[in-house]
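Asks: The following file, my_file-v7.cif, comprises mmCIF, C-alpha atoms:
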```
data_target
loop_
_atom_site.group_PDB
_atom_site.id
_atom_site.type_symbol
_atom_site.label_atom_id
_atom_site.label_comp_id
_atom_site.auth_asym_id
_atom_site.auth_seq_id
_atom_site.Cartn_x
_atom_site.Cartn_y
_atom_site.Cartn_z
ATOM 1 C CA MET A 659 69.748 30.775 130.989
ATOM 2 C CA PRO A 660 72.743 33.173 130.837
ATOM 3 C CA ARG A 661 75.213 32.995 133.615
ATOM 4 C CA PRO A 662 75.153 35.953 136.041
ATOM 5 C CA VAL A 663 78.017 38.439 135.701
ATOM 6 C CA SER A 664 80.348 38.328 138.634
ATOM 7 C CA ARG A 665 80.971 41.321 140.929
ATOM 8 C CA ARG A 666 84.642 41.300 139.925
ATOM 9 C CA LYS A 667 83.841 41.747 136.221
ATOM 10 C CA LEU A 668 81.420 44.600 136.918
ATOM 11 C CA LEU A 669 84.088 46.475 138.876
ATOM 12 C CA ALA A 670 86.610 45.924 136.088
ATOM 13 C CA VAL A 671 84.258 47.385 133.463
ATOM 14 C CA ALA A 672 83.495 50.445 135.625
ATOM 15 C CA TRP A 673 87.178 51.088 136.319
ATOM 16 C CA GLY A 674 88.063 50.903 132.619
ATOM 17 C CA GLY A 675 85.409 53.478 131.716
ATOM 18 C CA ALA A 676 86.656 55.878 134.378
ATOM 19 C CA CYS A 677 90.206 55.600 133.101
ATOM 20 C CA ALA A 678 89.043 56.348 129.543
ATOM 21 C CA CYS A 679 87.256 59.516 130.709
ATOM 22 C CA VAL A 680 90.328 60.739 132.566
ATOM 23 C CA ALA A 681 92.559 60.106 129.550
ATOM 24 C CA ALA A 682 90.338 62.143 127.207
ATOM 25 C CA PRO A 683 91.430 65.856 127.036
ATOM 26 C CA LEU A 684 88.940 68.316 128.488
ATOM 27 C CA PRO A 685 88.473 71.807 127.011
ATOM 28 C CA ALA A 686 89.457 73.404 130.304
ATOM 29 C CA LEU A 687 92.693 71.409 130.315
ATOM 30 C CA ALA A 688 93.747 72.275 126.746
ATOM 31 C CA SER A 689 97.408 72.948 126.087
ATOM 32 C CA PRO A 690 98.815 76.475 126.677
ATOM 33 C CA ALA A 691 99.463 76.846 122.924
ATOM 34 C CA ALA A 692 95.776 76.252 122.184
ATOM 35 C CA ARG A 693 94.696 78.837 124.766
ATOM 36 C CA ARG A 694 97.161 81.547 123.622
ATOM 37 C CA PRO A 695 95.361 84.601 122.110
ATOM 38 C CA ALA A 696 95.950 85.554 118.500
ATOM 39 C CA PRO A 697 98.964 87.845 118.020
ATOM 40 C CA ARG A 698 98.260 91.578 117.835
ATOM 41 C CA ALA A 699 98.115 93.087 114.369
ATOM 42 C CA THR A 700 101.379 94.447 113.012
ATOM 43 C CA SER A 701 101.819 97.766 111.242
ATOM 44 C CA PRO A 702 101.183 98.104 107.530
ATOM 45 C CA GLU A 703 103.564 100.245 105.504
ATOM 46 C CA ILE A 704 102.327 103.828 105.776
ATOM 47 C CA ALA A 705 102.866 106.336 102.987
ATOM 48 C CA VAL A 706 103.654 109.675 104.668
ATOM 49 C CA ASP A 707 104.441 113.220 103.561
ATOM 50 C CA PRO A 708 108.118 114.099 104.242
ATOM 51 C CA VAL A 709 107.134 117.173 106.298
ATOM 52 C CA VAL A 710 105.577 114.863 108.893
ATOM 53 C CA VAL A 711 108.851 112.928 109.111
ATOM 54 C CA ALA A 712 111.292 115.860 108.948
ATOM 55 C CA SER A 713 109.436 117.770 111.668
ATOM 56 C CA GLY A 714 109.833 114.840 114.080
ATOM 57 C CA LEU A 715 106.115 114.085 114.378
ATOM 58 C CA ALA A 716 106.367 110.636 112.785
ATOM 59 C CA GLN A 717 109.212 109.713 115.130
ATOM 60 C CA ARG A 718 107.257 110.817 118.191
ATOM 61 C CA TRP A 719 104.286 108.761 117.018
ATOM 62 C CA SER A 720 106.550 105.737 116.558
ATOM 63 C CA GLN A 721 107.956 106.058 120.064
ATOM 64 C CA ALA A 722 104.461 106.212 121.542
ATOM 65 C CA MET A 723 103.343 103.235 119.429
ATOM 66 C CA ARG A 724 106.164 101.058 120.735
ATOM 67 C CA ARG A 725 105.095 101.769 124.299
ATOM 68 C CA ASP A 726 101.400 101.291 123.663
ATOM 69 C CA LEU A 727 101.162 98.698 120.879
ATOM 70 C CA GLY A 728 104.498 96.928 121.009
ATOM 71 C CA TRP A 729 105.389 97.890 117.425
ATOM 72 C CA ALA A 730 106.018 101.075 115.444
ATOM 73 C CA ALA A 731 104.763 102.200 112.066
ATOM 74 C CA GLN A 732 106.753 101.500 108.918
ATOM 75 C CA TRP A 733 106.964 104.917 107.265
ATOM 76 C CA SER A 734 107.448 105.272 103.500
ATOM 77 C CA GLN A 735 108.046 108.895 102.492
ATOM 78 C CA GLN A 736 106.141 110.304 99.522
ATOM 79 C CA ASP A 737 104.988 113.828 98.786
ATOM 80 C CA THR A 738 101.272 114.347 99.359
ATOM 81 C CA ALA A 739 100.423 113.739 95.697
ATOM 82 C CA GLY A 740 102.355 110.469 95.850
ATOM 83 C CA VAL A 741 100.631 109.391 99.067
ATOM 84 C CA LEU A 742 97.187 109.974 97.560
ATOM 85 C CA ALA A 743 98.169 108.159 94.359
ATOM 86 C CA GLN A 744 99.265 105.125 96.380
ATOM 87 C CA LEU A 745 96.012 105.147 98.339
ATOM 88 C CA GLU A 746 94.046 105.359 95.092
ATOM 89 C CA SER A 747 95.872 102.384 93.562
ATOM 90 C CA GLY A 748 95.946 100.358 96.774
ATOM 91 C CA GLN A 749 99.764 100.302 96.930
ATOM 92 C CA ALA A 750 99.461 101.795 100.423
ATOM 93 C CA SER A 751 96.848 100.632 102.935
ATOM 94 C CA VAL A 752 97.171 103.803 105.039
ATOM 95 C CA GLY A 753 98.366 107.279 104.107
ATOM 96 C CA VAL A 754 99.303 110.328 106.197
ATOM 97 C CA TYR A 755 99.314 113.435 104.020
ATOM 98 C CA LEU A 756 98.657 117.185 103.940
ATOM 99 C CA SER A 757 95.183 118.428 103.033
ATOM 100 C CA HIS A 758 94.754 118.521 99.268
ATOM 101 C CA PRO A 759 91.787 118.832 96.837
ATOM 102 C CA LEU A 760 92.636 115.394 95.416
ATOM 103 C CA ALA A 761 91.728 113.809 98.751
ATOM 104 C CA GLU A 762 88.207 115.214 98.423
ATOM 105 C CA LYS A 763 87.851 113.673 94.959
ATOM 106 C CA LEU A 764 89.076 110.263 96.119
ATOM 107 C CA LEU A 765 86.646 110.373 99.033
ATOM 108 C CA GLU A 766 83.734 111.218 96.728
ATOM 109 C CA GLN A 767 84.729 108.353 94.413
ATOM 110 C CA GLY A 768 84.868 105.913 97.316
ATOM 111 C CA LEU A 769 88.567 105.181 96.812
ATOM 112 C CA ILE A 770 89.561 106.253 100.337
ATOM 113 C CA HIS A 771 87.658 106.032 103.601
ATOM 114 C CA ASP A 772 88.114 106.330 107.361
ATOM 115 C CA ARG A 773 89.573 109.800 106.794
ATOM 116 C CA HIS A 774 90.429 111.938 109.817
ATOM 117 C CA ARG A 775 92.221 115.208 110.561
ATOM 118 C CA LEU A 776 95.028 114.695 113.038
ATOM 119 C CA ALA A 777 96.868 118.023 113.281
ATOM 120 C CA ARG A 778 97.325 121.370 111.598
ATOM 121 C CA THR A 779 100.215 123.605 110.670
ATOM 122 C CA GLY A 780 100.170 127.211 109.529
ATOM 123 C CA VAL A 781 101.612 128.375 106.209
ATOM 124 C CA LEU A 782 104.073 131.264 106.232
ATOM 125 C CA LEU A 783 105.154 133.674 103.531
ATOM 126 C CA VAL A 784 108.868 134.223 104.074
ATOM 127 C CA GLY A 785 111.292 136.387 102.156
ATOM 128 C CA PRO A 786 114.241 138.772 102.307
ATOM 129 C CA LEU A 787 114.735 141.114 105.248
ATOM 130 C CA ASP A 788 114.416 144.083 102.911
ATOM 131 C CA ASP A 789 110.804 144.696 101.884
ATOM 132 C CA LEU A 790 111.489 144.228 98.167
ATOM 133 C CA ALA A 791 107.880 143.350 97.315
ATOM 134 C CA GLY A 792 106.332 146.133 99.425
ATOM 135 C CA ILE A 793 104.152 143.871 101.562
ATOM 136 C CA ARG A 794 105.021 145.264 104.980
ATOM 137 C CA GLY A 795 101.886 145.344 107.096
ATOM 138 C CA GLU A 796 99.831 143.371 104.557
ATOM 139 C CA SER A 797 97.517 140.890 106.265
ATOM 140 C CA ASP A 798 95.540 139.595 103.298
ATOM 141 C CA PRO A 799 97.243 136.496 101.812
ATOM 142 C CA ALA A 800 95.757 136.984 98.340
ATOM 143 C CA ARG A 801 96.991 140.571 98.037
ATOM 144 C CA ALA A 802 100.400 139.679 99.491
ATOM 145 C CA LEU A 803 100.917 136.819 97.034
ATOM 146 C CA ARG A 804 99.833 138.929 94.065
ATOM 147 C CA GLN A 805 102.193 141.699 95.141
ATOM 148 C CA VAL A 806 105.108 139.264 95.391
ATOM 149 C CA LEU A 807 104.332 137.881 91.924
ATOM 150 C CA ALA A 808 104.158 141.418 90.526
ATOM 151 C CA ALA A 809 107.501 142.287 92.109
ATOM 152 C CA HIS A 810 108.970 139.098 90.657
ATOM 153 C CA ALA A 811 107.680 139.990 87.183
ATOM 154 C CA ALA A 812 109.141 143.492 87.473
ATOM 155 C CA GLY A 813 112.532 142.179 88.511
ATOM 156 C CA ALA A 814 112.385 143.770 91.970
ATOM 157 C CA ALA A 815 112.200 140.459 93.860
ATOM 158 C CA THR A 816 112.502 136.728 93.307
ATOM 159 C CA TRP A 817 109.673 134.232 93.855
ATOM 160 C CA ALA A 818 110.274 130.510 94.437
ATOM 161 C CA PRO A 819 106.900 128.817 93.821
ATOM 162 C CA PRO A 820 105.934 125.568 95.561
ATOM 163 C CA PRO A 821 106.115 122.445 93.387
ATOM 164 C CA PRO A 822 103.024 122.164 91.147
ATOM 165 C CA GLY A 823 100.575 119.662 92.568
ATOM 166 C CA SER A 824 101.880 120.042 96.104
ATOM 167 C CA ALA A 825 99.606 120.808 99.049
ATOM 168 C CA LEU A 826 101.260 124.233 99.417
ATOM 169 C CA PHE A 827 100.690 125.102 95.764
ATOM 170 C CA ALA A 828 97.048 123.972 95.816
ATOM 171 C CA LEU A 829 96.294 125.950 98.972
ATOM 172 C CA ALA A 830 98.005 129.153 97.851
ATOM 173 C CA ASP A 831 96.492 128.983 94.379
ATOM 174 C CA HIS A 832 93.037 128.650 95.894
ATOM 175 C CA VAL A 833 93.559 131.482 98.391
ATOM 176 C CA SER A 834 94.947 133.818 95.733
ATOM 177 C CA GLY A 835 92.167 133.104 93.255
ATOM 178 C CA GLY A 836 94.399 131.214 90.843
ATOM 179 C CA ALA A 837 97.285 133.707 90.864
ATOM 180 C CA LEU A 838 99.906 130.975 91.306
ATOM 181 C CA SER A 839 98.712 128.967 88.332
ATOM 182 C CA ARG A 840 98.967 132.079 86.149
ATOM 183 C CA PRO A 841 102.474 133.338 87.000
ATOM 184 C CA PRO A 842 103.584 136.421 85.065
ATOM 185 C CA VAL A 843 106.630 136.211 82.831
ATOM 186 C CA ALA A 844 109.604 137.472 84.824
ATOM 187 C CA ARG A 845 112.460 139.575 83.537
ATOM 188 C CA PRO A 846 115.680 137.620 82.845
ATOM 189 C CA ALA A 847 118.036 137.290 85.812
ATOM 190 C CA LYS A 848 120.665 139.578 84.249
ATOM 191 C CA HIS A 849 118.165 142.443 84.376
ATOM 192 C CA ARG A 850 117.346 141.953 88.074
ATOM 193 C CA PRO A 851 120.631 142.273 89.997
ATOM 194 C CA ASN A 852 118.957 143.631 93.128
ATOM 195 C CA ALA A 853 116.549 140.694 93.327
ATOM 196 C CA GLN A 854 119.271 138.106 92.760
ATOM 197 C CA ALA A 855 121.270 139.449 95.703
ATOM 198 C CA HIS A 856 118.473 138.584 98.167
ATOM 199 C CA PRO A 857 116.707 135.380 99.203
ATOM 200 C CA ALA A 858 113.558 134.489 97.297
ATOM 201 C CA TYR A 859 110.046 134.835 98.638
ATOM 202 C CA ARG A 860 108.498 131.432 99.265
ATOM 203 C CA LEU A 861 105.755 129.624 101.138
ATOM 204 C CA VAL A 862 106.653 127.205 103.908
ATOM 205 C CA THR A 863 104.716 125.334 106.586
ATOM 206 C CA GLN A 864 105.314 126.234 110.218
ATOM 207 C CA ALA A 865 106.380 122.628 110.788
ATOM 208 C CA GLN A 866 109.103 122.940 108.143
ATOM 209 C CA TRP A 867 110.087 126.425 109.315
ATOM 210 C CA ALA A 868 110.531 125.173 112.879
ATOM 211 C CA THR A 869 112.693 122.344 111.559
ATOM 212 C CA GLU A 870 114.848 124.752 109.554
ATOM 213 C CA ALA A 871 115.190 127.042 112.565
ATOM 214 C CA ALA A 872 116.314 124.215 114.882
ATOM 215 C CA GLY A 873 119.663 125.042 116.374
ATOM 216 C CA ALA A 874 119.069 128.781 116.130
ATOM 217 C CA PRO A 875 118.119 129.734 119.708
ATOM 218 C CA GLY A 876 116.595 133.134 120.209
ATOM 219 C CA ALA A 877 115.278 133.351 116.667
ATOM 220 C CA THR A 878 112.257 135.654 116.448
ATOM 221 C CA GLY A 879 110.865 135.142 112.985
ATOM 222 C CA ARG A 880 114.245 135.469 111.274
ATOM 223 C CA GLN A 881 116.662 132.860 109.993
ATOM 224 C CA GLY A 882 120.089 132.715 108.459
ATOM 225 C CA GLY A 883 120.649 134.110 104.977
ATOM 226 C CA GLY A 884 118.689 137.304 105.664
ATOM 227 C CA THR A 885 115.232 135.710 105.608
ATOM 228 C CA GLN A 886 112.229 136.532 107.771
ATOM 229 C CA VAL A 887 108.504 135.831 108.037
ATOM 230 C CA TRP A 888 106.365 138.423 106.268
ATOM 231 C CA LEU A 889 102.936 136.837 106.630
ATOM 232 C CA ALA A 890 101.881 134.473 109.415
ATOM 233 C CA ASP A 891 98.869 133.429 111.489
ATOM 234 C CA SER A 892 96.416 133.800 108.642
ATOM 235 C CA PRO A 893 93.314 131.672 109.259
ATOM 236 C CA THR A 894 93.075 130.946 105.537
ATOM 237 C CA LEU A 895 96.676 129.713 105.246
ATOM 238 C CA GLN A 896 96.463 126.412 107.125
ATOM 239 C CA LEU A 897 97.252 122.840 106.125
ATOM 240 C CA HIS A 898 95.966 119.791 107.958
ATOM 241 C CA CYS A 899 97.748 116.527 108.516
ATOM 242 C CA GLU A 900 95.214 113.847 107.613
ATOM 243 C CA VAL A 901 95.068 110.067 107.648
ATOM 244 C CA ALA A 902 92.960 107.828 105.425
ATOM 245 C CA ARG A 903 92.657 104.191 104.487
ATOM 246 C CA SER A 904 92.646 102.867 100.951
ATOM 247 C CA PHE A 905 89.423 101.203 99.846
ATOM 248 C CA ARG A 906 91.633 98.461 98.390
ATOM 249 C CA GLY A 907 93.604 97.980 101.616
ATOM 250 C CA GLN A 908 93.724 94.454 103.017
ATOM 251 C CA HIS A 909 96.178 94.715 105.930
ATOM 252 C CA ASP A 910 94.840 93.559 109.278
ATOM 253 C CA GLY A 911 96.552 96.376 111.186
ATOM 254 C CA GLU A 912 95.288 99.355 109.191
ATOM 255 C CA LYS A 913 92.078 99.961 111.161
ATOM 256 C CA LEU A 914 93.927 99.648 114.473
ATOM 257 C CA LEU A 915 96.543 102.142 113.307
ATOM 258 C CA VAL A 916 94.035 104.764 112.159
ATOM 259 C CA THR A 917 92.158 104.393 115.447
ATOM 260 C CA TRP A 918 95.385 104.700 117.459
ATOM 261 C CA LEU A 919 96.341 107.957 115.713
ATOM 262 C CA GLN A 920 93.256 109.533 117.265
ATOM 263 C CA ARG A 921 94.013 108.379 120.812
ATOM 264 C CA PRO A 922 95.403 110.561 123.643
ATOM 265 C CA LEU A 923 98.988 109.307 123.264
ATOM 266 C CA ALA A 924 99.034 110.320 119.598
ATOM 267 C CA ARG A 925 97.508 113.726 120.402
ATOM 268 C CA ALA A 926 100.129 114.274 123.104
ATOM 269 C CA ALA A 927 102.866 113.610 120.542
ATOM 270 C CA ILE A 928 101.403 116.343 118.337
ATOM 271 C CA ARG A 929 101.418 118.872 121.176
ATOM 272 C CA GLY A 930 105.107 118.192 121.774
ATOM 273 C CA THR A 931 106.197 118.720 118.157
ATOM 274 C CA PRO A 932 107.163 122.284 117.098
ATOM 275 C CA GLY A 933 105.108 123.693 114.260
ATOM 276 C CA TRP A 934 102.119 121.413 114.807
ATOM 277 C CA GLN A 935 98.890 121.893 116.706
ATOM 278 C CA GLY A 936 96.079 119.504 117.502
ATOM 279 C CA VAL A 937 92.933 119.947 115.471
ATOM 280 C CA GLY A 938 91.120 121.096 118.602
ATOM 281 C CA ALA A 939 93.791 123.667 119.555
#
```
Would it be possible to restate this file's structure as structure tokens?

Replies:
Amino acid sequence: MPRPVSRRKLLAVAWGGACACVAAPLPALASPAARRPAPRATSPEIAVDPVVVASGLAQRWSQAMRRDLGWAAQWSQQDTAGVLAQLESGQASVGVYLSHPLAEKLLEQGLIHDRHRLARTGVLLVGPLDDLAGIRGESDPARALRQVLAAHAAGAATWAPPPPGSALFALADHVSGGALSRPPVARPAKHRPNAQAHPAYRLVTQAQWATEAAGAPGATGRQGGGTQVWLADSPTLQLHCEVARSFRGQHDGEKLLVTWLQRPLARAAIRGTPGWQGVGA
């Protein structure tokens, strides 16, 4: 028959098992490094229209981001056409641009998504103090633009068109029924001395106009060089600042960034930037 196990051996076996249990790591006692949450997403590089940067809006957004998220956006300036091209190709994960027909096409093709309007800025028709184009009192943007183009063709005034493909050009061409894309042939400069002695008529966003007027206290629609606003506050002459994500984007912070730009801190930054208004204002 087997010999009975002594009391001393039984106690030794029990004690050894208890020590082994204590030595084994428990989930609740895991190391601090194992319990640390994953780091917050960092900012992707954001393609942005220069007007958003020059007006100070991008900087105000960055300041609010640092307080709220702990990091600020990495802005890469491109005109609106360039921003949309980078979103289409996937070179940029997120783009902040001015409203443009190309954005509608990319959305329909599924190349951009998560698109939102963030702010709006009016478009002004500015020109020389003297009413060279005869548009005083004109409130219809289409008629005013056609009159300026006619005055330019006759040599009575000078017209500086927006760059082709820009958000300003696309908007004004649409409002005027295609008048900008069919500019009349102007008289040579030597035959228009009166026009050459005055600033040109041009279109400018309120955000850019406010930036140009900075440092000119007391200005009431006029700026240096004998220029003033001839057409403003037209409901049809408005551009929106929009944000969208590229369908090809892979950055982990892009969704967080687009969501943040719609939060109260981002909206407050818009209200504090001259020339911009919130989309609900």

Asks: Could you list, as a PDB file with C-alpha atoms, keeping the file's coordinate frame, every residue within 10 Å of region 915-931 of chain A, counting only C-alpha atoms and ignoring same-chain residues fewer than 5 positions away?

Replies:
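Result went into selection12.pdb, see below:
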```
ATOM      1  CA  ALA A 699      98.115  93.087 114.369  1.00  0.00           C
ATOM      2  CA  THR A 700     101.379  94.447 113.012  1.00  0.00           C
ATOM      3  CA  SER A 701     101.819  97.766 111.242  1.00  0.00           C
ATOM      4  CA  PRO A 702     101.183  98.104 107.530  1.00  0.00           C
ATOM      5  CA  ILE A 704     102.327 103.828 105.776  1.00  0.00           C
ATOM      6  CA  SER A 713     109.436 117.770 111.668  1.00  0.00           C
ATOM      7  CA  GLY A 714     109.833 114.840 114.080  1.00  0.00           C
ATOM      8  CA  LEU A 715     106.115 114.085 114.378  1.00  0.00           C
ATOM      9  CA  ALA A 716     106.367 110.636 112.785  1.00  0.00           C
ATOM     10  CA  GLN A 717     109.212 109.713 115.130  1.00  0.00           C
ATOM     11  CA  ARG A 718     107.257 110.817 118.191  1.00  0.00           C
ATOM     12  CA  TRP A 719     104.286 108.761 117.018  1.00  0.00           C
ATOM     13  CA  SER A 720     106.550 105.737 116.558  1.00  0.00           C
ATOM     14  CA  GLN A 721     107.956 106.058 120.064  1.00  0.00           C
ATOM     15  CA  ALA A 722     104.461 106.212 121.542  1.00  0.00           C
ATOM     16  CA  MET A 723     103.343 103.235 119.429  1.00  0.00           C
ATOM     17  CA  ARG A 725     105.095 101.769 124.299  1.00  0.00           C
ATOM     18  CA  ASP A 726     101.400 101.291 123.663  1.00  0.00           C
ATOM     19  CA  LEU A 727     101.162  98.698 120.879  1.00  0.00           C
ATOM     20  CA  ALA A 730     106.018 101.075 115.444  1.00  0.00           C
ATOM     21  CA  ALA A 731     104.763 102.200 112.066  1.00  0.00           C
ATOM     22  CA  VAL A 752      97.171 103.803 105.039  1.00  0.00           C
ATOM     23  CA  GLY A 753      98.366 107.279 104.107  1.00  0.00           C
ATOM     24  CA  VAL A 754      99.303 110.328 106.197  1.00  0.00           C
ATOM     25  CA  ASP A 772      88.114 106.330 107.361  1.00  0.00           C
ATOM     26  CA  ARG A 773      89.573 109.800 106.794  1.00  0.00           C
ATOM     27  CA  HIS A 774      90.429 111.938 109.817  1.00  0.00           C
ATOM     28  CA  ARG A 775      92.221 115.208 110.561  1.00  0.00           C
ATOM     29  CA  LEU A 776      95.028 114.695 113.038  1.00  0.00           C
ATOM     30  CA  ALA A 777      96.868 118.023 113.281  1.00  0.00           C
ATOM     31  CA  ARG A 778      97.325 121.370 111.598  1.00  0.00           C
ATOM     32  CA  ALA A 865     106.380 122.628 110.788  1.00  0.00           C
ATOM     33  CA  ALA A 868     110.531 125.173 112.879  1.00  0.00           C
ATOM     34  CA  THR A 869     112.693 122.344 111.559  1.00  0.00           C
ATOM     35  CA  VAL A 901      95.068 110.067 107.648  1.00  0.00           C
ATOM     36  CA  ALA A 902      92.960 107.828 105.425  1.00  0.00           C
ATOM     37  CA  ARG A 903      92.657 104.191 104.487  1.00  0.00           C
ATOM     38  CA  ASP A 910      94.840  93.559 109.278  1.00  0.00           C
ATOM     39  CA  GLY A 936      96.079 119.504 117.502  1.00  0.00           C
ATOM     40  CA  VAL A 937      92.933 119.947 115.471  1.00  0.00           C
ATOM     41  CA  GLY A 938      91.120 121.096 118.602  1.00  0.00           C
ATOM     42  CA  ALA A 939      93.791 123.667 119.555  1.00  0.00           C
TER      43      ALA A 939
END
```

Asks: Under the PyMOL selection byres ((chain A and resi 904) around 6), which residues of this model are included? Write them out as a PyMOL selection string.

Replies: chain A and resi 745+748+751+770+903+905-907

Asks: One decimal, in Å: what's the spacing between CA of Leu790 (chain A) and CA of Trp817 (chain A)?

Replies: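 Computed distance, CA of Leu790 (chain A) to CA of Trp817 (chain A), equals 11.0 Å.
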
Asks: Just the residues within 8 Å of region 829-835 of chain A, please, counting only C-alpha atoms, with nothing from its chain fewer than 2 positions along; format it as a list in words.

Replies: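 Neighbouring residues, sequence-local ones excluded: His758, Pro799, Ala800, Arg801, Leu803, Arg804, Ala825, Leu826, Phe827, Ala837, Leu838, Ser839, Thr894, Leu895 and Leu897 of chain A.
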
Asks: Can you spit out the residues from that selection as a compact mmCIF listing (two decimals), in the coordinates of the input, using C-alpha atoms?

Replies:
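As a result, again_28.txt now contains:
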```
# COMPACT_ATOMS: atom_id res chain seq x y z
CA HIS A 758 94.75 118.52 99.27
CA PRO A 799 97.24 136.50 101.81
CA ALA A 800 95.76 136.98 98.34
CA ARG A 801 96.99 140.57 98.04
CA LEU A 803 100.92 136.82 97.03
CA ARG A 804 99.83 138.93 94.06
CA ALA A 825 99.61 120.81 99.05
CA LEU A 826 101.26 124.23 99.42
CA PHE A 827 100.69 125.10 95.76
CA ALA A 837 97.28 133.71 90.86
CA LEU A 838 99.91 130.98 91.31
CA SER A 839 98.71 128.97 88.33
CA THR A 894 93.08 130.95 105.54
CA LEU A 895 96.68 129.71 105.25
CA LEU A 897 97.25 122.84 106.12
```

Asks: Any idea what's packed within 9 Å of Val862 (chain A), counting all atoms listed in the file, ignoring anything in its chain fewer than 2 positions away? Could you give it as a list of chain:residue names?

Replies: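 So the residues in contact are A:Gly780, A:Val781, A:Leu782, A:Leu783, A:Val784, A:Pro820, A:Leu826, A:Arg860, A:Gln864, A:Ala865, A:Gln866, A:Trp867.
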
Asks: Give me, please, the distance in Å between CA of Ala802 (chain A) and CA of Glu900 (chain A), quoted to one decimal.

Replies: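 If I compute the distance from CA of Ala802 (chain A) to CA of Glu900 (chain A), I get 27.6 Å.
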